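Everything below belongs to data03.txt, which stores compact mmCIF, C-alpha atoms and all ligand atoms.
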```
# COMPACT_ATOMS: atom_id res chain seq x y z
CA MET A 1 88.08 89.26 48.66
CA SER A 2 89.58 86.66 46.40
CA ASN A 3 88.30 85.76 43.00
CA GLU A 4 89.50 82.70 41.15
CA ASN A 5 88.46 84.14 37.82
CA ARG A 6 90.93 86.97 37.98
CA VAL A 7 94.64 87.45 38.58
CA CYS A 8 95.82 90.41 40.59
CA TRP A 9 99.09 92.36 40.85
CA ARG A 10 100.12 95.26 43.09
CA THR A 11 103.05 97.62 43.46
CA PRO A 12 104.90 97.13 46.77
CA ASP A 13 103.70 100.56 47.92
CA ALA A 14 100.07 99.50 47.20
CA MET A 15 99.57 102.59 45.02
CA TYR A 16 98.63 100.65 41.89
CA TYR A 17 96.75 97.42 41.26
CA LEU A 18 96.26 95.41 38.12
CA ILE A 19 93.52 92.86 37.60
CA ILE A 20 93.34 90.60 34.57
CA GLU A 21 90.49 88.22 33.93
CA LYS A 22 91.59 84.59 33.57
CA LEU A 23 89.91 84.46 30.19
CA GLN A 24 92.32 87.15 28.99
CA ILE A 25 95.29 85.29 30.48
CA LYS A 26 94.21 82.24 28.48
CA GLN A 27 94.03 84.33 25.34
CA LEU A 28 97.53 85.67 26.02
CA GLU A 29 98.83 82.13 26.55
CA LYS A 30 97.51 81.13 23.17
CA LEU A 31 98.96 84.18 21.41
CA CYS A 32 102.35 83.48 23.00
CA SER A 33 102.29 79.81 21.99
CA ASP A 34 101.36 80.79 18.44
CA ALA A 35 104.35 83.14 18.27
CA ARG A 36 106.80 80.24 18.81
CA ASP A 37 110.33 81.65 18.80
CA GLU A 38 109.50 85.22 17.98
CA GLU A 39 108.20 88.08 20.05
CA THR A 40 104.61 89.17 19.71
CA GLY A 41 102.30 91.59 21.47
CA GLY A 42 99.26 93.79 21.47
CA ILE A 43 97.36 96.21 23.63
CA LEU A 44 95.45 95.90 26.89
CA ILE A 45 91.92 97.25 26.95
CA GLY A 46 89.85 97.76 30.07
CA HIS A 47 89.02 100.39 32.63
CA TYR A 48 90.20 102.01 35.84
CA THR A 49 88.48 102.19 39.16
CA ASP A 50 87.20 105.62 40.22
CA ASP A 51 90.33 106.42 42.18
CA PHE A 52 92.58 105.29 39.29
CA SER A 53 94.39 102.91 41.63
CA THR A 54 93.32 99.79 39.81
CA ALA A 55 93.49 98.89 36.14
CA ILE A 56 91.16 96.10 35.11
CA VAL A 57 91.98 94.36 31.85
CA THR A 58 88.91 93.03 30.08
CA GLU A 59 90.36 92.48 26.62
CA VAL A 60 93.74 91.80 25.04
CA THR A 61 94.35 92.21 21.33
CA PRO A 62 96.44 90.03 19.03
CA PRO A 63 99.29 91.78 17.20
CA PRO A 64 97.86 94.28 14.70
CA ALA A 65 98.49 93.22 11.09
CA ASP A 66 101.18 95.86 10.55
CA SER A 67 103.26 94.74 13.55
CA ARG A 68 106.84 93.66 12.90
CA LYS A 69 108.80 91.15 14.92
CA GLY A 70 111.87 89.01 15.38
CA PRO A 71 113.34 86.67 18.01
CA SER A 72 114.24 89.57 20.30
CA TRP A 73 112.26 92.53 19.09
CA PHE A 74 108.68 93.52 18.42
CA ILE A 75 107.18 96.68 17.01
CA ARG A 76 103.49 96.75 17.68
CA GLY A 77 101.50 98.04 14.71
CA ILE A 78 98.45 100.25 14.81
CA SER A 79 96.26 98.75 12.11
CA GLY A 80 92.62 98.53 13.23
CA LEU A 81 93.25 99.78 16.77
CA ARG A 82 91.71 103.19 16.35
CA GLN A 83 88.45 101.68 15.12
CA LEU A 84 88.45 99.03 17.84
CA LEU A 85 89.08 101.56 20.61
CA ARG A 86 86.42 103.85 19.21
CA LYS A 87 83.94 100.98 19.43
CA ARG A 88 84.93 100.16 23.00
CA TRP A 89 84.79 103.84 24.02
CA ILE A 90 81.21 104.34 22.89
CA ALA A 91 79.99 100.98 24.21
CA TYR A 92 77.50 100.84 27.08
CA LYS A 93 80.31 99.54 29.28
CA ARG A 94 83.00 102.02 28.33
CA ARG A 95 86.44 100.49 27.81
CA TYR A 96 89.68 102.06 26.68
CA TYR A 97 93.42 101.67 26.20
CA ILE A 98 95.30 100.91 29.40
CA GLY A 99 98.60 99.49 28.21
CA GLU A 100 100.66 97.00 26.27
CA TRP A 101 101.47 93.32 26.51
CA HIS A 102 104.24 91.47 24.74
CA TYR A 103 105.96 88.14 24.68
CA HIS A 104 109.64 87.34 25.10
CA PRO A 105 110.54 83.85 23.88
CA ALA A 106 112.74 83.27 26.96
CA SER A 107 112.17 81.55 30.30
CA ILE A 108 113.40 84.53 32.30
CA VAL A 109 111.62 87.78 31.59
CA GLU A 110 113.61 90.99 31.65
CA PRO A 111 112.23 94.21 30.19
CA SER A 112 114.62 95.73 27.65
CA SER A 113 115.71 99.34 27.87
CA ASN A 114 113.71 99.84 24.70
CA ASP A 115 110.59 98.44 26.42
CA MET A 116 111.04 100.95 29.23
CA ARG A 117 111.60 103.86 26.85
CA GLN A 118 108.56 103.01 24.77
CA MET A 119 106.28 102.93 27.81
CA THR A 120 107.56 106.22 29.17
CA ARG A 121 106.90 107.68 25.73
CA ILE A 122 103.33 106.38 25.87
CA ALA A 123 102.84 107.76 29.39
CA ASN A 124 103.80 111.18 28.03
CA SER A 125 101.91 110.95 24.76
CA LYS A 126 98.84 113.08 24.12
CA ASP A 127 97.68 110.49 21.60
CA TYR A 128 97.22 107.76 24.17
CA GLU A 129 95.69 109.84 26.97
CA CYS A 130 96.96 107.24 29.43
CA LYS A 131 99.05 108.65 32.25
CA ASN A 132 99.84 105.33 33.91
CA PRO A 133 100.10 102.72 31.18
CA ILE A 134 100.67 99.11 32.17
CA MET A 135 103.27 96.90 30.53
CA LEU A 136 102.78 93.16 30.82
CA ILE A 137 105.58 90.87 29.58
CA LEU A 138 105.10 87.15 29.29
CA GLY A 139 107.88 84.61 29.05
CA GLN A 140 108.14 81.14 27.61
CA LYS A 141 106.35 78.31 29.31
CA VAL A 142 108.85 76.20 31.18
CA THR A 143 108.24 72.47 31.53
CA ALA A 144 105.96 71.64 34.43
CA GLY A 145 105.80 75.23 35.47
CA ASP A 146 104.00 78.44 34.93
CA ARG A 147 104.89 80.95 32.31
CA SER A 148 106.60 83.90 33.93
CA MET A 149 104.73 87.17 33.73
CA ARG A 150 105.93 90.57 34.85
CA ALA A 151 103.84 93.68 35.09
CA PHE A 152 104.96 97.30 35.34
CA VAL A 153 103.17 100.60 35.69
CA PHE A 154 104.66 103.76 34.20
CA SER A 155 104.23 107.42 34.80
CA SER A 156 105.12 110.49 32.81
CA ASN A 157 108.06 111.38 35.05
CA ASN A 158 110.04 108.37 33.86
CA ASN A 159 109.26 106.38 36.95
CA ALA A 160 108.43 102.70 36.40
CA LYS A 161 107.23 100.46 39.19
CA GLU A 162 107.04 96.73 39.05
CA MET A 163 103.83 95.09 40.20
CA PHE A 164 103.79 91.73 41.97
CA ARG A 165 101.21 88.96 42.08
CA ILE A 166 98.93 88.95 45.09
CA ASN A 167 96.21 86.49 46.05
CA THR A 168 93.60 88.93 47.26
CA GLU A 169 91.84 91.62 45.34
CA PRO A 170 91.55 95.23 46.40
CA ILE A 171 88.12 96.35 47.48
CA ILE A 172 86.63 98.10 44.50
CA SER A 173 83.66 100.37 44.47
CA ASN A 174 81.69 99.73 41.33
CA SER A 175 79.51 102.80 41.60
CA HIS A 176 80.58 104.05 38.24
CA ILE A 177 83.49 103.70 35.94
CA SER A 178 85.61 106.72 35.36
CA GLN A 179 85.26 108.21 31.94
CA MET A 180 88.22 110.50 31.92
CA ARG A 181 90.27 108.46 29.50
CA LEU A 182 90.01 108.96 25.77
CA GLU A 183 90.50 106.48 23.02
CA ASN A 184 93.42 107.03 20.68
CA PRO A 185 95.77 104.26 19.73
CA THR A 186 98.42 106.04 17.74
ZN ZN A 201 110.40 93.43 25.43
```

Spit out the file's structure as structure tokens when you get a sec.
Ligand SMILES: [Zn+2]
Amino acid sequence: MSNENRVCWRTPDAMYYLIIEKLQIKQLEKLCSDARDEETGGILIGHYTDDFSTAIVTEVTPPPADSRKGPSWFIRGISGLRQLLRKRWIAYKRRYYIGEWHYHPASIVEPSSNDMRQMTRIANSKDYECKNPIMLILGQKVTAGDRSMRAFVFSSNNNAKEMFRINTEPIISNSHISQMRLENPT
């Protein structure tokens, strides 16, 4: 099944999938453009499929007000996230934290060792209650080309896997959305 309203990634071993709605990609594009020559970022909100194989991003946040940034670094703040995630958790369609996105003002995207460390820390954190957080990094838009985007999935045992764009979506059972994740942004 293909869906032109969503973009899909997958690990080479087909263990993990990531789906982001085009509307959210657009929002990310705008946030990156606004950041000009500095890094920026925020969190990914969404849900998992029942088998936890697929993360579906339904919302991306702008950088919280207490975030700090420079041309090659970004520290995502926490201001307002707890309240936002609380609201999404108790909503009729339950949504929760599933990872981080950030922007590198460079045409080639390489995760820094700090990026990798941070995500492993999140995967192991009781506060986040997210065992397989996603990290999405966007690069600068190059003339007449797409912005590069790289996605990674982390696990608590310090094992990061890159996910790659695919053109077909996994078959997803929509019977019910798993409710095992808890909100908790800090
Ligand atoms: Zn980075």

With a distance cut-off of 8 Å and all atoms listed in the file, select the neighbouring residues of stretch 133-146 of chain A, excluding the residue or stretch itself and same-chain residues fewer than 2 positions from it, and output the selection as a PyMOL selection string.
chain A and resi 32+98-109+111+119+122-123+130-131+148-155

Across A:Pro63, A:Pro12, A:Pro71, A:Gly77, the smallest distance to ligand ZN 201 (chain A), with only C-alpha atoms and all ligand atoms counted, is shown by A:Pro71

Dump as a PyMOL selection string all residues having an atom at most 7 Å from (86.8, 101.0, 30.5), computed in the file's coordinates with all atoms listed in the file.
chain A and resi 46-48+93-96+177

Quote the spacing between atom CA of A:Gln24 and atom CA of A:Ala55 in Å to one decimal place.
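Between these atoms lies a distance of 13.8 Å.
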
Between A:Thr61, A:Asn5, A:Gln118, A:Ser33, which is the closest to ligand ZN 201 (chain A) once you count all atoms listed in the file?
A:Gln118

Coordinates of box centre and edge lengths for stretch 18-28 of chain A, 3 Å on every side, axis-aligned, as JSON:
```
{"center_x": 93.7, "center_y": 88.8, "center_z": 31.7, "size_x": 13.6, "size_y": 19.2, "size_z": 18.8}
```
